$ cat data34.cif   # mmCIF, C-alpha atoms and all ligand atoms
data_upload
#
loop_
_atom_site.label_atom_id
_atom_site.label_comp_id
_atom_site.auth_asym_id
_atom_site.auth_seq_id
_atom_site.Cartn_x
_atom_site.Cartn_y
_atom_site.Cartn_z
CA MET A 983 -44.86 -14.26 40.61
CA SER A 984 -47.09 -14.69 37.53
CA SER A 985 -45.37 -14.22 34.20
CA SER A 986 -47.66 -11.30 33.23
CA HIS A 987 -46.76 -9.51 36.49
CA LEU A 988 -43.07 -10.11 35.83
CA ASP A 989 -43.51 -8.78 32.28
CA SER A 990 -45.15 -5.64 33.63
CA LEU A 991 -42.29 -5.11 36.12
CA ILE A 992 -39.74 -5.58 33.32
CA THR A 993 -41.49 -2.94 31.19
CA GLN A 994 -41.36 -0.51 34.11
CA PHE A 995 -37.69 -1.24 34.97
CA ALA A 996 -36.78 -0.68 31.30
CA GLU A 997 -37.75 2.99 31.69
CA LEU A 998 -35.35 3.61 34.59
CA PRO A 999 -31.62 4.39 34.52
CA THR A 1000 -29.41 1.72 36.10
CA THR A 1001 -27.99 4.35 38.47
CA CYS A 1002 -31.34 4.76 40.27
CA ILE A 1003 -31.88 0.99 40.42
CA SER A 1004 -28.38 0.61 41.86
CA ASP A 1005 -29.13 3.28 44.50
CA ALA A 1006 -32.37 1.47 45.41
CA LEU A 1007 -30.34 -1.70 45.99
CA ALA A 1008 -27.53 0.13 47.84
CA GLY A 1009 -25.14 -0.88 45.04
CA LEU A 1010 -25.09 -4.48 46.27
CA THR A 1011 -26.01 -6.23 43.02
CA ASN A 1012 -24.11 -4.33 40.35
CA LEU A 1013 -21.87 -6.40 38.12
CA ASP A 1014 -18.19 -5.45 38.08
CA PRO A 1015 -18.16 -2.05 36.33
CA ALA A 1016 -15.76 -3.37 33.67
CA ILE A 1017 -18.83 -4.96 32.07
CA LYS A 1018 -20.19 -2.44 29.58
CA PRO A 1019 -22.30 -2.38 26.39
CA LEU A 1020 -20.45 -2.83 23.08
CA LYS A 1021 -22.33 0.24 21.82
CA LYS A 1022 -22.98 2.96 24.33
CA GLU A 1023 -26.57 3.47 23.11
CA TRP A 1024 -27.52 -0.12 23.91
CA THR A 1025 -29.76 -0.96 26.85
CA VAL A 1026 -31.14 -4.27 28.06
CA CYS A 1027 -33.90 -5.32 30.46
CA GLY A 1028 -35.36 -8.80 30.90
CA ARG A 1029 -35.60 -12.07 32.84
CA ALA A 1030 -32.25 -13.62 33.64
CA TYR A 1031 -31.37 -16.95 32.07
CA PRO A 1032 -28.03 -17.69 33.75
CA VAL A 1033 -25.31 -19.88 32.26
CA LYS A 1034 -22.10 -21.06 33.87
CA LEU A 1035 -19.20 -21.65 31.45
CA ARG A 1036 -15.65 -22.82 31.63
CA ALA A 1037 -13.26 -20.07 30.56
CA ALA A 1038 -13.08 -20.01 26.74
CA ASP A 1039 -15.77 -22.67 26.19
CA ASN A 1040 -19.22 -22.02 24.77
CA LEU A 1041 -21.06 -25.34 24.39
CA LYS A 1042 -23.28 -24.67 27.42
CA LEU A 1043 -23.91 -21.16 26.12
CA LEU A 1044 -25.37 -22.78 23.00
CA GLN A 1045 -27.55 -24.93 25.28
CA GLY A 1046 -28.70 -21.76 27.05
CA ILE A 1047 -29.62 -20.15 23.73
CA ARG A 1048 -31.64 -23.27 22.86
CA ASP A 1049 -33.43 -23.49 26.23
CA ALA A 1050 -34.06 -19.81 27.13
CA GLN A 1051 -37.42 -18.18 26.32
CA PRO A 1052 -37.92 -15.20 24.01
CA GLY A 1053 -37.40 -12.03 26.07
CA ASP A 1054 -34.84 -13.64 28.37
CA VAL A 1055 -31.45 -12.04 28.94
CA LEU A 1056 -28.72 -14.66 28.70
CA ILE A 1057 -26.24 -13.86 31.45
CA ALA A 1058 -23.04 -15.89 31.43
CA ASP A 1059 -20.26 -16.40 33.91
CA ALA A 1060 -17.26 -16.98 31.63
CA LYS A 1061 -14.78 -16.45 34.49
CA GLY A 1062 -13.68 -13.03 33.27
CA TYR A 1063 -11.39 -14.72 30.73
CA LEU A 1064 -10.41 -12.37 27.91
CA TYR A 1065 -8.09 -14.25 25.53
CA ASN A 1066 -10.77 -16.40 23.82
CA ALA A 1067 -14.32 -15.37 22.95
CA VAL A 1068 -17.37 -17.34 24.03
CA ALA A 1069 -19.42 -15.72 21.23
CA GLY A 1070 -18.96 -13.90 17.95
CA ASP A 1071 -21.45 -12.46 15.49
CA PHE A 1072 -22.65 -15.94 14.51
CA VAL A 1073 -23.60 -16.99 18.05
CA ILE A 1074 -25.03 -13.53 18.83
CA GLY A 1075 -27.07 -13.86 15.60
CA LEU A 1076 -28.57 -17.09 16.99
CA MET A 1077 -29.64 -15.20 20.14
CA LYS A 1078 -31.25 -12.44 18.10
CA THR A 1079 -32.99 -14.90 15.75
CA LEU A 1080 -34.56 -16.75 18.70
CA GLY A 1081 -35.90 -13.54 20.25
CA LEU A 1082 -33.67 -13.22 23.30
CA ALA A 1083 -33.52 -9.71 24.80
CA GLY A 1084 -29.75 -9.43 25.23
CA PHE A 1085 -26.47 -11.04 26.28
CA VAL A 1086 -24.39 -10.17 29.34
CA VAL A 1087 -21.08 -11.98 29.81
CA ASP A 1088 -18.22 -11.84 32.26
CA GLY A 1089 -15.82 -12.71 29.48
CA ALA A 1090 -14.99 -11.79 25.91
CA VAL A 1091 -16.75 -11.67 22.54
CA ARG A 1092 -15.32 -11.17 19.04
CA ASP A 1093 -16.50 -9.86 15.62
CA VAL A 1094 -17.25 -6.49 17.18
CA SER A 1095 -18.34 -4.80 13.92
CA GLY A 1096 -20.60 -7.72 13.01
CA ILE A 1097 -22.22 -7.66 16.47
CA GLN A 1098 -22.74 -3.91 16.28
CA GLU A 1099 -24.43 -4.35 12.91
CA LEU A 1100 -26.78 -6.96 14.40
CA ASP A 1101 -28.01 -4.28 16.79
CA PHE A 1102 -28.59 -6.84 19.56
CA PRO A 1103 -27.47 -5.59 22.99
CA VAL A 1104 -24.27 -7.27 24.19
CA PHE A 1105 -22.58 -6.34 27.46
CA CYS A 1106 -19.12 -7.83 28.05
CA ARG A 1107 -15.86 -7.46 29.96
CA GLY A 1108 -13.80 -7.22 26.77
CA THR A 1109 -13.24 -8.22 23.16
CA THR A 1110 -10.67 -10.45 21.50
CA VAL A 1111 -9.77 -12.01 18.14
CA ALA A 1112 -9.51 -15.68 19.20
CA ALA A 1113 -12.32 -18.25 19.09
CA GLY A 1114 -13.22 -20.39 22.11
CA GLY A 1115 -13.79 -24.14 22.23
CA LYS A 1116 -16.80 -26.43 22.56
CA SER A 1117 -15.76 -29.08 25.06
CA GLY A 1118 -18.99 -28.97 27.03
CA ALA A 1119 -18.16 -28.05 30.62
CA GLY A 1120 -20.69 -25.81 32.35
CA GLU A 1121 -24.39 -25.55 33.27
CA ALA A 1122 -27.37 -23.67 31.84
CA GLY A 1123 -30.46 -22.38 33.67
CA VAL A 1124 -28.95 -22.59 37.17
CA PRO A 1125 -28.01 -19.94 39.77
CA ILE A 1126 -24.57 -18.49 39.02
CA SER A 1127 -22.09 -16.02 40.36
CA CYS A 1128 -21.35 -13.48 37.62
CA ALA A 1129 -18.86 -10.62 38.00
CA GLY A 1130 -19.36 -10.54 41.76
CA VAL A 1131 -23.14 -10.99 41.88
CA THR A 1132 -25.39 -14.00 42.49
CA VAL A 1133 -27.94 -14.38 39.67
CA HIS A 1134 -30.95 -16.71 39.82
CA PRO A 1135 -33.12 -17.71 36.87
CA GLY A 1136 -35.99 -15.18 36.78
CA ASP A 1137 -34.13 -12.27 38.39
CA ILE A 1138 -34.35 -9.05 36.37
CA VAL A 1139 -31.22 -7.87 34.54
CA VAL A 1140 -31.03 -4.20 33.61
CA GLY A 1141 -28.13 -2.67 31.66
CA ASP A 1142 -27.25 0.64 30.06
CA VAL A 1143 -24.16 2.70 29.36
CA ASP A 1144 -23.35 2.91 33.09
CA GLY A 1145 -23.26 -0.87 33.58
CA VAL A 1146 -25.45 -3.80 34.64
CA VAL A 1147 -27.62 -4.28 37.75
CA VAL A 1148 -29.34 -7.50 38.80
CA VAL A 1149 -32.67 -7.07 40.61
CA PRO A 1150 -33.45 -10.17 42.71
CA ALA A 1151 -36.98 -11.29 41.74
CA HIS A 1152 -38.27 -11.26 45.35
CA GLN A 1153 -37.24 -7.60 45.78
CA ALA A 1154 -38.48 -6.34 42.41
CA GLU A 1155 -41.63 -4.42 43.55
CA GLU A 1156 -39.90 -2.67 46.43
CA VAL A 1157 -36.84 -1.79 44.29
CA LEU A 1158 -39.06 -0.36 41.55
CA ILE A 1159 -40.74 2.03 44.00
CA LYS A 1160 -37.45 3.12 45.57
CA ALA A 1161 -35.74 3.57 42.17
CA ARG A 1162 -38.61 5.79 40.94
CA GLU A 1163 -38.39 7.91 44.10
CA LYS A 1164 -34.64 8.26 43.59
CA LEU A 1165 -35.10 9.29 39.95
CA GLU A 1166 -37.59 11.98 41.00
CA LYS A 1167 -35.24 13.29 43.72
CA ASP A 1168 -32.28 13.36 41.30
CA ARG A 1169 -34.37 15.30 38.75
CA GLU A 1170 -35.51 17.86 41.32
CA ARG A 1171 -31.96 18.31 42.63
CA GLU A 1172 -30.61 18.81 39.11
CA GLU A 1173 -33.36 21.14 37.94
CA GLY A 1174 -32.90 23.20 41.10
CA VAL A 1175 -29.25 24.10 40.40
CA LEU A 1176 -28.51 23.65 36.69
CA GLY A 1177 -27.64 27.05 35.17
CA ASN A 1178 -28.41 28.81 38.50
CA PRO A 1179 -25.14 29.78 40.29
CA ASP A 1180 -26.92 31.10 43.42
CA ALA A 1181 -28.80 27.82 43.84
CA ALA A 1182 -25.59 25.85 43.12
CA ARG A 1183 -23.72 27.77 45.87
CA ALA A 1184 -26.66 27.43 48.27
CA TYR A 1185 -26.69 23.66 47.67
CA LEU A 1186 -22.94 23.37 48.32
CA ASP A 1187 -23.15 25.55 51.45
CA ARG A 1188 -25.98 23.39 52.79
CA VAL A 1189 -24.13 20.12 52.19
CA LEU A 1190 -20.87 21.55 53.54
CA GLY A 1191 -22.61 22.83 56.67
CA ARG A 1192 -21.97 26.52 55.92
CA GLY A 1193 -25.60 27.45 55.31
O1 LIG A 1201 -18.70 -19.94 16.40
C1 LIG A 1201 -18.39 -19.68 17.57
O2 LIG A 1201 -18.50 -20.48 18.51
C2 LIG A 1201 -17.85 -18.33 17.93
C3 LIG A 1201 -17.82 -17.40 16.77
O3 LIG A 1201 -16.79 -17.16 16.17
C4 LIG A 1201 -19.07 -16.78 16.32
O4 LIG A 1201 -20.07 -16.86 17.04
O5 LIG A 1201 -19.06 -16.12 15.25
#

$ encode --input "data34.cif" --output "structure tokens" --more "lines below"
Ligand SMILES: O=C([O-])CC(=O)C(=O)O
Amino acid sequence: MSSSHLDSLITQFAELPTTCISDALAGLTNLDPAIKPLKKEWTVCGRAYPVKLRAADNLKLLQGIRDAQPGDVLIADAKGYLYNAVAGDFVIGLMKTLGLAGFVVDGAVRDVSGIQELDFPVFCRGTTVAAGGKSGAGEAGVPISCAGVTVHPGDIVVGDVDGVVVVPAHQAEEVLIKAREKLEKDREREEGVLGNPDAARAYLDRVLGRG
């Protein structure tokens, strides 16, 4: 896929809620729902730059920040470990300064207030007070397994208040069409019943087989 085509897909995915993208993918590529934005207003959408870390160690995360391209979403498997952070406001500030689109981590961050002030979208499993180490184990820019999902470099990562979905690059066009259709159906269904008790009862009767 050319990079301008991928950019156009990313722009279009950014307009969709994760719920519809999840439905289009049958829920198969959603990260563990414990992974949520540090601020509920934050959203993220971009090319995946995956990083594999040892629990509580961030040297290879720093390599990922150095090697990723502007617009990439750094997505890190930090083994779900919550006692030591792999990033605080300093490391997140590096990501923002180098133009990355966001950070998703199956692990912990710290300096929550500082990160919120940076206004750079961070999605994580949890937060902690303790720093991590820099011993060097891990790999950057390789396929990973993160919070139950395989992520390849160049997949599309989309996150909002509901959670994070990974769109495999080779399925992106088809998923975009299906997700848009789902969004339209959800809107019609909602508009049809909201504030209209007769329509609400008719819907329930139909689904319950009493119509
Ligand atoms: O320096 C580190 O590796 C982690 C940290 O506390 C920060 O990013 O502020």

$ residues_around --input "data34.cif" --residues "A:Val1094" --least-positions-apart "4" --cutoff "8 Å" --atoms "only C-alpha atoms" --output "PyMOL selection string"
chain A and resi 1020+1070-1071+1098+1109

$ residues_around --input "data34.cif" --residues "A:Val1143" --least-positions-apart "4" --cutoff "8 Å" --atoms "all atoms listed in the file" --output "PyMOL selection string"
chain A and resi 1018-1019+1022-1025

$ closest_residue --input "data34.cif" --among "A:Leu988, A:Leu998, A:Ile1097, A:Ile1159" --to "ligand LIG 1201 (chain A)" --atoms "all atoms listed in the file"
A:Ile1097

$ closest_residue --input "data34.cif" --among "A:Glu1163, A:Glu1156, A:Asp1054, A:Asp1039" --to "A:Asp1137" --atoms "all atoms listed in the file"
A:Asp1054

$ residues_near_ligand --input "data34.cif" --ligand "ligand LIG 1201 (chain A)" --cutoff "7 Å" --atoms "only C-alpha atoms and all ligand atoms" --output "PDB file with C-alpha atoms, in the coordinates of the input"
ATOM      1  CA  ASN A1040     -19.220 -22.020  24.770  1.00  0.00           C
ATOM      2  CA  ALA A1067     -14.320 -15.370  22.950  1.00  0.00           C
ATOM      3  CA  VAL A1068     -17.370 -17.340  24.030  1.00  0.00           C
ATOM      4  CA  ALA A1069     -19.420 -15.720  21.230  1.00  0.00           C
ATOM      5  CA  GLY A1070     -18.960 -13.900  17.950  1.00  0.00           C
ATOM      6  CA  ASP A1071     -21.450 -12.460  15.490  1.00  0.00           C
ATOM      7  CA  PHE A1072     -22.650 -15.940  14.510  1.00  0.00           C
ATOM      8  CA  VAL A1073     -23.600 -16.990  18.050  1.00  0.00           C
ATOM      9  CA  ILE A1074     -25.030 -13.530  18.830  1.00  0.00           C
ATOM     10  CA  ARG A1092     -15.320 -11.170  19.040  1.00  0.00           C
ATOM     11  CA  ASP A1093     -16.500  -9.860  15.620  1.00  0.00           C
ATOM     12  CA  ALA A1113     -12.320 -18.250  19.090  1.00  0.00           C
ATOM     13  CA  GLY A1114     -13.220 -20.390  22.110  1.00  0.00           C
TER      14      GLY A1114
END

$ closest_residue --input "data34.cif" --among "A:Ala1090, A:Ala1058, A:Ile1003, A:Ile992" --to "A:Tyr1031" --atoms "only C-alpha atoms"
A:Ala1058

$ atom_distance --input "data34.cif" --atom1 "atom CA of A:Pro1015" --atom2 "atom CA of A:Cys1106"
10.1 Å

$ residues_around --input "data34.cif" --residues "A:Ile1057" --least-positions-apart "5" --cutoff "6 Å" --atoms "only C-alpha atoms" --output "PyMOL selection string"
chain A and resi 1032+1085-1087

$ atom_distance --input "data34.cif" --atom1 "atom CA of A:Thr993" --atom2 "atom CA of A:Pro1150"
15.8 Å

$ closest_residue --input "data34.cif" --among "A:Leu1064, A:Ala1119, A:Leu1056, A:Ala1161" --to "A:Ala1008" --atoms "all atoms listed in the file"
A:Ala1161

$ atom_distance --input "data34.cif" --atom1 "atom CA of A:Ala996" --atom2 "atom CA of A:Leu1176"
26.3 Å

$ closest_residue --input "data34.cif" --among "A:Gly1120, A:Gly1141, A:Gly1177, A:Pro1135" --to "A:Ala1038" --atoms "only C-alpha atoms"
A:Gly1120

$ closest_residue --input "data34.cif" --among "A:Tyr1063, A:Asp1005, A:Ser984, A:Val1131" --to "A:Lys1167" --atoms "all atoms listed in the file"
A:Asp1005

$ residues_near_point --input "data34.cif" --point "(-36.7, -11.5, 32.3)" --cutoff "6 Å" --atoms "only C-alpha atoms" --output "list in words"
Gly1028, Arg1029, Ala1030, Asp1054, Gly1136 and Ile1138 of chain A

$ residues_around --input "data34.cif" --residues "A:Gln1051" --least-positions-apart "6" --cutoff "9 Å" --atoms "only C-alpha atoms" --output "PyMOL selection string"
chain A and resi 1031+1080-1082

$ write_last_selection --input "data34.cif" --atoms "C-alpha atoms" --output "PDB file, in the coordinates of the input"
ATOM      1  CA  TYR A1031     -31.370 -16.950  32.070  1.00  0.00           C
ATOM      2  CA  LEU A1080     -34.560 -16.750  18.700  1.00  0.00           C
ATOM      3  CA  GLY A1081     -35.900 -13.540  20.250  1.00  0.00           C
ATOM      4  CA  LEU A1082     -33.670 -13.220  23.300  1.00  0.00           C
TER       5      LEU A1082
END
